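J.: Handing over model-v6.tsv, TSV, C-alpha atoms.
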```tsv
chain	number	residue	atom	x	y	z
A	248	MET	CA	-6.36	-23.89	-2.74
A	249	GLN	CA	-8.41	-22.38	0.04
A	250	LYS	CA	-11.63	-20.54	-0.72
A	251	LEU	CA	-11.22	-16.77	-0.71
A	252	ARG	CA	-13.63	-14.18	0.61
A	253	LEU	CA	-13.79	-11.29	-1.84
A	254	LYS	CA	-14.39	-7.61	-1.32
A	255	TRP	CA	-16.54	-6.93	-4.37
A	256	ILE	CA	-15.92	-3.83	-6.45
A	257	ALA	CA	-18.18	-1.75	-8.67
A	258	HIS	CA	-17.45	-3.61	-11.91
A	259	SER	CA	-17.51	-7.12	-10.47
A	260	PRO	CA	-20.36	-9.69	-10.58
A	261	PRO	CA	-22.55	-10.80	-7.64
A	262	PRO	CA	-20.69	-12.31	-4.62
A	263	ARG	CA	-21.52	-15.92	-5.53
A	264	VAL	CA	-19.44	-15.82	-8.72
A	265	LYS	CA	-16.07	-17.60	-8.45
A	266	PRO	CA	-12.85	-15.48	-8.51
A	267	ASN	CA	-11.67	-16.58	-11.97
A	268	ILE	CA	-15.07	-15.74	-13.46
A	269	ALA	CA	-15.17	-12.47	-11.54
A	270	TYR	CA	-11.87	-11.49	-13.10
A	271	ARG	CA	-13.32	-11.94	-16.60
A	272	TRP	CA	-16.37	-9.89	-15.62
A	273	ALA	CA	-14.21	-6.85	-14.76
A	274	LYS	CA	-15.01	-4.17	-17.34
A	275	ASN	CA	-11.54	-2.73	-17.79
A	276	GLU	CA	-7.88	-3.25	-16.92
A	277	ALA	CA	-8.01	-0.99	-13.85
A	278	ALA	CA	-10.91	-2.97	-12.41
A	279	GLN	CA	-9.04	-6.21	-13.07
A	280	ARG	CA	-5.98	-4.93	-11.23
A	281	GLU	CA	-8.09	-3.84	-8.26
A	282	LEU	CA	-9.85	-7.19	-8.08
A	283	ALA	CA	-6.57	-9.10	-8.33
A	284	TYR	CA	-5.06	-6.96	-5.56
A	285	THR	CA	-8.09	-7.57	-3.33
A	286	ILE	CA	-7.83	-11.34	-3.81
A	287	VAL	CA	-4.14	-11.29	-2.87
A	288	ALA	CA	-4.76	-9.04	0.16
A	289	VAL	CA	-7.51	-11.24	1.55
A	290	ASP	CA	-5.41	-14.35	0.95
A	291	TRP	CA	-2.46	-12.76	2.83
A	292	LYS	CA	-4.60	-12.00	5.86
A	293	SER	CA	-6.15	-15.44	5.94
A	294	GLU	CA	-2.71	-17.06	5.72
A	295	LEU	CA	-1.40	-14.92	8.57
A	296	ALA	CA	-4.48	-15.72	10.66
A	297	ARG	CA	-3.81	-19.42	10.04
A	298	ALA	CA	-0.16	-18.99	11.10
A	299	VAL	CA	-1.23	-17.32	14.34
A	300	ASP	CA	-3.90	-19.88	15.17
A	301	GLN	CA	-1.55	-22.79	14.45
A	302	GLU	CA	1.50	-21.01	15.90
A	303	ASP	CA	3.41	-21.65	12.70
A	304	GLU	CA	6.69	-19.88	13.46
A	305	ALA	CA	8.17	-20.45	10.01
A	306	ALA	CA	5.16	-18.79	8.37
A	307	LEU	CA	5.28	-15.92	10.85
A	308	ARG	CA	8.94	-15.29	10.06
A	309	ARG	CA	8.17	-15.31	6.34
A	310	ALA	CA	5.41	-12.79	6.94
A	311	ALA	CA	7.83	-10.57	8.85
A	312	LEU	CA	10.39	-10.70	6.06
A	313	THR	CA	7.86	-9.93	3.33
A	314	GLY	CA	5.93	-7.22	5.18
A	315	ALA	CA	6.93	-6.43	8.76
A	316	ALA	CA	4.76	-3.33	9.19
A	317	ARG	CA	1.51	-4.92	8.05
A	318	THR	CA	2.25	-8.11	10.00
A	319	ILE	CA	2.79	-6.16	13.21
A	320	ARG	CA	-0.42	-4.17	12.64
A	321	PHE	CA	-2.36	-7.39	12.11
A	322	LEU	CA	-1.00	-8.98	15.29
A	323	CYS	CA	-1.59	-5.87	17.40
A	324	GLY	CA	-5.18	-5.92	16.22
A	325	ARG	CA	-5.53	-9.36	17.78
A	326	LEU	CA	-4.25	-8.36	21.21
A	327	SER	CA	-7.33	-6.58	22.53
A	328	THR	CA	-9.45	-9.60	23.37
A	329	ALA	CA	-10.77	-11.06	26.59
A	330	ASP	CA	-10.13	-14.55	25.15
A	331	ASP	CA	-6.94	-15.61	26.95
A	332	GLY	CA	-6.14	-18.32	24.42
A	333	ALA	CA	-6.40	-16.05	21.39
A	334	LYS	CA	-4.51	-13.29	23.18
A	335	SER	CA	-1.67	-15.63	24.15
A	336	LYS	CA	-1.29	-16.79	20.56
A	337	ALA	CA	-1.17	-13.19	19.33
A	338	VAL	CA	1.44	-12.30	21.96
A	339	ARG	CA	3.66	-15.26	21.13
A	340	SER	CA	3.30	-14.58	17.40
A	341	LEU	CA	4.31	-10.97	17.94
A	342	GLY	CA	7.42	-12.19	19.74
A	343	VAL	CA	8.37	-14.40	16.80
A	344	VAL	CA	7.96	-11.50	14.36
A	345	ILE	CA	9.77	-8.90	16.48
A	346	GLY	CA	12.56	-11.40	17.08
A	347	GLU	CA	13.25	-11.47	13.33
A	348	ARG	CA	15.97	-8.82	13.39
A	349	GLY	CA	16.49	-8.93	9.65
A	350	ALA	CA	12.95	-7.65	9.20
A	351	VAL	CA	12.33	-5.55	12.32
A	352	SER	CA	14.90	-2.89	13.18
A	353	ASP	CA	15.51	-1.56	16.68
A	354	ASP	CA	13.77	1.65	15.67
A	355	ARG	CA	10.64	-0.20	14.54
A	356	ALA	CA	10.58	-2.29	17.71
A	357	ARG	CA	11.11	0.85	19.77
A	358	GLU	CA	8.21	2.61	18.05
A	359	LEU	CA	5.98	-0.38	18.70
A	360	LEU	CA	6.81	-0.30	22.40
A	361	ARG	CA	6.00	3.40	22.56
A	362	ARG	CA	2.60	2.75	21.00
A	363	LEU	CA	1.89	-0.14	23.36
A	364	PHE	CA	2.73	1.97	26.40
A	365	TRP	CA	0.61	4.81	25.07
A	366	SER	CA	-2.38	2.46	24.76
A	367	LEU	CA	-2.24	1.99	28.54
A	368	ASN	CA	-3.03	5.69	29.09
A	369	ASP	CA	-6.64	6.75	29.53
A	370	GLU	CA	-6.08	9.38	26.87
A	371	SER	CA	-5.53	6.70	24.23
A	372	GLY	CA	-9.19	5.69	24.33
A	373	THR	CA	-8.34	2.02	23.79
A	374	VAL	CA	-9.15	-1.13	25.76
A	375	PRO	CA	-5.59	-2.27	26.46
A	376	PHE	CA	-6.17	-6.01	26.88
A	377	GLY	CA	-2.98	-7.82	25.91
A	378	MET	CA	-0.82	-4.71	25.77
A	379	PRO	CA	1.29	-5.38	28.90
A	380	GLU	CA	1.86	-8.96	27.74
A	381	ALA	CA	2.95	-7.72	24.32
A	382	ILE	CA	5.40	-5.31	25.95
A	383	GLY	CA	6.86	-8.14	28.02
A	384	GLU	CA	7.18	-10.39	24.99
A	385	VAL	CA	8.92	-7.72	22.93
A	386	LEU	CA	11.38	-6.92	25.73
A	387	ALA	CA	12.05	-10.63	26.26
A	388	VAL	CA	13.11	-11.14	22.64
A	389	ARG	CA	14.80	-7.74	22.17
A	390	VAL	CA	16.86	-7.52	25.35
A	391	GLU	CA	18.82	-4.58	23.96
A	392	LEU	CA	15.74	-2.41	24.53
A	393	GLN	CA	15.29	-3.36	28.18
A	394	ALA	CA	17.46	-0.55	29.54
A	395	GLU	CA	15.15	1.99	27.92
A	396	PHE	CA	11.73	0.45	28.53
A	397	LEU	CA	11.90	-2.10	31.36
A	398	PRO	CA	11.89	0.56	34.13
A	399	ILE	CA	8.63	1.91	32.69
A	400	LEU	CA	7.07	-1.55	32.64
A	401	CYS	CA	8.19	-2.23	36.21
A	402	SER	CA	6.66	1.04	37.39
A	403	LEU	CA	3.24	-0.18	36.25
A	404	ALA	CA	3.37	-2.75	39.04
A	405	TYR	CA	4.01	-0.42	41.98
A	406	HIS	CA	3.95	3.33	41.15
A	407	PRO	CA	0.81	4.89	42.72
A	408	GLU	CA	0.02	6.93	39.61
A	409	ARG	CA	0.55	4.02	37.22
A	410	LEU	CA	-0.98	1.08	39.05
A	411	GLN	CA	-3.22	-1.11	36.90
A	412	THR	CA	-6.14	-3.26	37.96
A	413	GLY	CA	-7.88	-6.46	36.91
A	414	GLN	CA	-6.84	-8.09	33.67
A	415	ILE	CA	-4.37	-5.32	32.85
A	416	GLU	CA	-2.63	-5.74	36.21
A	417	ARG	CA	-2.35	-9.49	35.62
A	418	GLY	CA	-0.86	-8.67	32.23
A	419	VAL	CA	1.81	-6.56	33.91
A	420	PHE	CA	2.61	-9.39	36.33
A	421	TRP	CA	2.88	-11.83	33.43
A	422	ALA	CA	5.12	-9.47	31.47
A	423	LEU	CA	7.55	-9.15	34.37
A	424	GLY	CA	7.68	-12.92	34.68
A	425	ARG	CA	8.19	-13.34	30.94
A	426	ILE	CA	11.26	-11.12	31.12
A	427	GLY	CA	12.47	-12.95	34.20
A	428	LEU	CA	15.29	-12.06	36.56
A	429	ALA	CA	16.05	-8.83	34.68
A	430	SER	CA	12.76	-7.46	36.04
A	431	ALA	CA	13.78	-8.04	39.65
A	432	ARG	CA	17.23	-6.60	39.06
A	433	CYS	CA	15.74	-3.57	37.36
A	434	SER	CA	13.19	-2.86	40.09
A	435	PRO	CA	13.21	-4.35	43.61
A	436	GLU	CA	9.95	-2.41	44.12
A	437	ALA	CA	8.24	-4.37	41.36
A	438	ALA	CA	9.55	-7.64	42.82
A	439	LYS	CA	8.13	-6.69	46.23
A	440	ARG	CA	4.79	-5.90	44.66
A	441	LEU	CA	4.74	-9.32	43.02
A	442	LEU	CA	5.55	-10.97	46.35
A	443	TRP	CA	2.71	-9.07	48.00
A	444	ALA	CA	0.32	-9.96	45.20
A	445	ALA	CA	1.26	-13.64	45.30
A	446	ARG	CA	0.46	-13.78	49.02
A	447	ARG	CA	-2.24	-11.23	49.68
A	448	HIS	CA	-4.00	-10.13	46.47
A	449	SER	CA	-7.78	-10.39	46.78
A	450	ASP	CA	-8.13	-11.94	43.32
A	451	PRO	CA	-7.14	-15.64	43.11
A	452	GLU	CA	-6.10	-15.42	39.44
A	453	SER	CA	-3.87	-12.42	40.18
A	454	ARG	CA	-2.24	-14.35	43.04
A	455	LYS	CA	-1.61	-17.24	40.66
A	456	VAL	CA	-0.04	-15.09	37.93
A	457	ALA	CA	2.10	-13.18	40.45
A	458	ALA	CA	3.37	-16.45	41.94
A	459	TRP	CA	4.23	-17.71	38.46
A	460	ALA	CA	6.10	-14.48	37.68
A	461	LEU	CA	8.16	-14.82	40.85
A	462	SER	CA	9.03	-18.38	39.92
A	463	GLN	CA	10.56	-17.08	36.67
A	464	PHE	CA	13.04	-14.88	38.51
A	465	GLY	CA	15.09	-17.83	39.72
A	466	GLU	CA	18.05	-17.21	41.96
A	467	PRO	CA	19.23	-13.56	42.22
```
Take the structure I supplied and represent it as structure tokens, if you would.
T.:
Amino acid sequence: MQKLRLKWIAHSPPPRVKPNIAYRWAKNEAAQRELAYTIVAVDWKSELARAVDQEDEAALRRAALTGAARTIRFLCGRLSTADDGAKSKAVRSLGVVIGERGAVSDDRARELLRRLFWSLNDESGTVPFGMPEAIGEVLAVRVELQAEFLPILCSLAYHPERLQTGQIERGVFWALGRIGLASARCSPEAAKRLLWAARRHSDPESRKVAAWALSQFGEP
């Protein structure tokens, strides 16, 4: 059994005491219940973190079925990182969870997309690293929502008032490629922007991602 990190409560012993001893130290039944709940909660988060890091799809699906809302919140919390490897794992894990239709309804997936798009607005006050990629992943696994949200995603690539820059722009390019040919069919303007970026963008990494996205469109 893995070692647990405890959030110590008022009636519990010093942090170095083992969990089973800590439970006996609790002064009353209410304190025991709180301590037991804390142990379970920390264990749940550590197990989900392990599933994300190891890309354990079976464990991610179990997490979705036993607690979709908390699993989605946990994964969204891992998106806003400049670490491309960690971000990619969080994005792929989110796709596995959202793709579990028995646990995540269309309404829940729709609400998630709204929140992700909102995070791209300046008014949200967030650093939206990973948000475009998450949008692309969700729309790739829940194609029934593309008619509603794909035009908005495409507009982030070309609309003058919605253009993104830097890492966020590359995230938009990646998202369009993740969705594939449906992106080009939805918005020829977005496809043209990708073609321009692949050939003429000043940033080498942006050119690379744009070229990859175009390669995912295949034959029209």
J.: For A:Ile345, work out the shell of residues within 10 Å, counting all atoms listed in the file and skipping chain neighbours fewer than 3 positions away, then give it as an mmCIF file with C-alpha atoms, in the coordinates of the input.
T.:
```
data_model
loop_
_atom_site.group_PDB
_atom_site.id
_atom_site.type_symbol
_atom_site.label_atom_id
_atom_site.label_comp_id
_atom_site.auth_asym_id
_atom_site.auth_seq_id
_atom_site.Cartn_x
_atom_site.Cartn_y
_atom_site.Cartn_z
ATOM 1 C CA ARG A 308 8.940 -15.290 10.060
ATOM 2 C CA ALA A 311 7.830 -10.570 8.850
ATOM 3 C CA ALA A 315 6.930 -6.430 8.760
ATOM 4 C CA THR A 318 2.250 -8.110 10.000
ATOM 5 C CA ILE A 319 2.790 -6.160 13.210
ATOM 6 C CA ARG A 339 3.660 -15.260 21.130
ATOM 7 C CA SER A 340 3.300 -14.580 17.400
ATOM 8 C CA LEU A 341 4.310 -10.970 17.940
ATOM 9 C CA GLY A 342 7.420 -12.190 19.740
ATOM 10 C CA ARG A 348 15.970 -8.820 13.390
ATOM 11 C CA GLY A 349 16.490 -8.930 9.650
ATOM 12 C CA ALA A 350 12.950 -7.650 9.200
ATOM 13 C CA VAL A 351 12.330 -5.550 12.320
ATOM 14 C CA SER A 352 14.900 -2.890 13.180
ATOM 15 C CA ASP A 353 15.510 -1.560 16.680
ATOM 16 C CA ARG A 355 10.640 -0.200 14.540
ATOM 17 C CA ALA A 356 10.580 -2.290 17.710
ATOM 18 C CA LEU A 359 5.980 -0.380 18.700
ATOM 19 C CA GLU A 384 7.180 -10.390 24.990
ATOM 20 C CA VAL A 385 8.920 -7.720 22.930
ATOM 21 C CA LEU A 386 11.380 -6.920 25.730
ATOM 22 C CA VAL A 388 13.110 -11.140 22.640
ATOM 23 C CA ARG A 389 14.800 -7.740 22.170
#
```
J.: So how many Å separate atom CA of A:Trp443 and atom CA of A:Val419, to one decimal?
T.: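 These two atoms are separated by 14.3 Å.
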J.: Looking at only C-alpha atoms, which of A:Glu380, A:Glu416, A:Glu436, A:Glu408 is the one that sits closest to A:Ser335?
T.: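 Going through A:Glu380, A:Glu416, A:Glu436, A:Glu408 one by one, the smallest distance to A:Ser335 is for A:Glu380.
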J.: Within 10 Å of (4.2, -8.2, 28.4), in the coordinates the file gives, what residues turn up when you count all atoms listed in the file, written out as a compact mmCIF listing (two decimals) with C-alpha atoms, in the coordinates of the input?
T.:
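Result saved to result-v7.txt:
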```
# COMPACT_ATOMS: atom_id res chain seq x y z
CA VAL A 338 1.44 -12.30 21.96
CA LEU A 363 1.89 -0.14 23.36
CA GLY A 377 -2.98 -7.82 25.91
CA MET A 378 -0.82 -4.71 25.77
CA PRO A 379 1.29 -5.38 28.90
CA GLU A 380 1.86 -8.96 27.74
CA ALA A 381 2.95 -7.72 24.32
CA ILE A 382 5.40 -5.31 25.95
CA GLY A 383 6.86 -8.14 28.02
CA GLU A 384 7.18 -10.39 24.99
CA VAL A 385 8.92 -7.72 22.93
CA LEU A 386 11.38 -6.92 25.73
CA ALA A 387 12.05 -10.63 26.26
CA LEU A 400 7.07 -1.55 32.64
CA ARG A 417 -2.35 -9.49 35.62
CA GLY A 418 -0.86 -8.67 32.23
CA VAL A 419 1.81 -6.56 33.91
CA PHE A 420 2.61 -9.39 36.33
CA TRP A 421 2.88 -11.83 33.43
CA ALA A 422 5.12 -9.47 31.47
CA LEU A 423 7.55 -9.15 34.37
CA GLY A 424 7.68 -12.92 34.68
CA ARG A 425 8.19 -13.34 30.94
CA ILE A 426 11.26 -11.12 31.12
```
J.: Which of these residues is nearest to A:Ala429, using only C-alpha atoms: A:Leu403, A:Ala305, A:Val390, A:Leu442?
T.: A:Val390
J.: Considering all atoms listed in the file, can you say which of A:Leu307, A:Leu461, A:Ala404, A:Leu295 comes closest to A:Glu347?
T.: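 Ranking A:Leu307, A:Leu461, A:Ala404, A:Leu295 by distance to A:Glu347, first place goes to A:Leu307.
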J.: For A:Ala437, which residue among A:Ser402, A:Gln414, A:Asn368, A:Thr328 is the nearest when counting all atoms listed in the file?
T.: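 Ranking A:Ser402, A:Gln414, A:Asn368, A:Thr328 by distance to A:Ala437, first place goes to A:Ser402.
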J.: Could you jot down the atom CA of A:Pro398 to atom CA of A:Gln411 separation for me, Å, one decimal place?
T.: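 Distance reported for this atom pair: 15.5 Å.
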J.: Could you tell me how far atom CA of A:Ala298 sits from atom CA of A:Ala337, in Å to one decimal place?
T.: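 So the answer is 10.1 Å.
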J.: Any idea what's packed within 9 Å of A:Ala458, counting all atoms listed in the file, ignoring anything in its chain fewer than 3 positions away? Could you give it as a ChimeraX atom specification?
T.: /A:441-442,444-446,453-455,461-463
J.: How about saving the chosen residues, C-alpha atoms kept, as a PDB file, in the frame of the given file?
T.:
```pdb
ATOM      1  CA  LEU A 441       4.740  -9.320  43.020  1.00  0.00           C
ATOM      2  CA  LEU A 442       5.550 -10.970  46.350  1.00  0.00           C
ATOM      3  CA  ALA A 444       0.320  -9.960  45.200  1.00  0.00           C
ATOM      4  CA  ALA A 445       1.260 -13.640  45.300  1.00  0.00           C
ATOM      5  CA  ARG A 446       0.460 -13.780  49.020  1.00  0.00           C
ATOM      6  CA  SER A 453      -3.870 -12.420  40.180  1.00  0.00           C
ATOM      7  CA  ARG A 454      -2.240 -14.350  43.040  1.00  0.00           C
ATOM      8  CA  LYS A 455      -1.610 -17.240  40.660  1.00  0.00           C
ATOM      9  CA  LEU A 461       8.160 -14.820  40.850  1.00  0.00           C
ATOM     10  CA  SER A 462       9.030 -18.380  39.920  1.00  0.00           C
ATOM     11  CA  GLN A 463      10.560 -17.080  36.670  1.00  0.00           C
TER      12      GLN A 463
END
```
J.: So for stretch 420-431 of chain A, what box centre and size do we get, axis-aligned, 6 Å extra on each of the six sides, every listed atom, Å to one decimal, as lines of an AutoDock Vina configuration file?
T.:
```
center_x = 9.3
center_y = -10.4
center_z = 35.3
size_x = 25.4
size_y = 17.9
size_z = 20.7
```
J.: List every protein, DNA or RNA residue that has at least one atom no more than 9 Å from (-9.7, -4.8, 44.2) in the file's coordinates, counting only C-alpha atoms, and write the result as a list of chain:residue names.
T.: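 Residues with an atom close enough to that point: A:Thr412, A:Gly413, A:His448, A:Ser449, A:Asp450.
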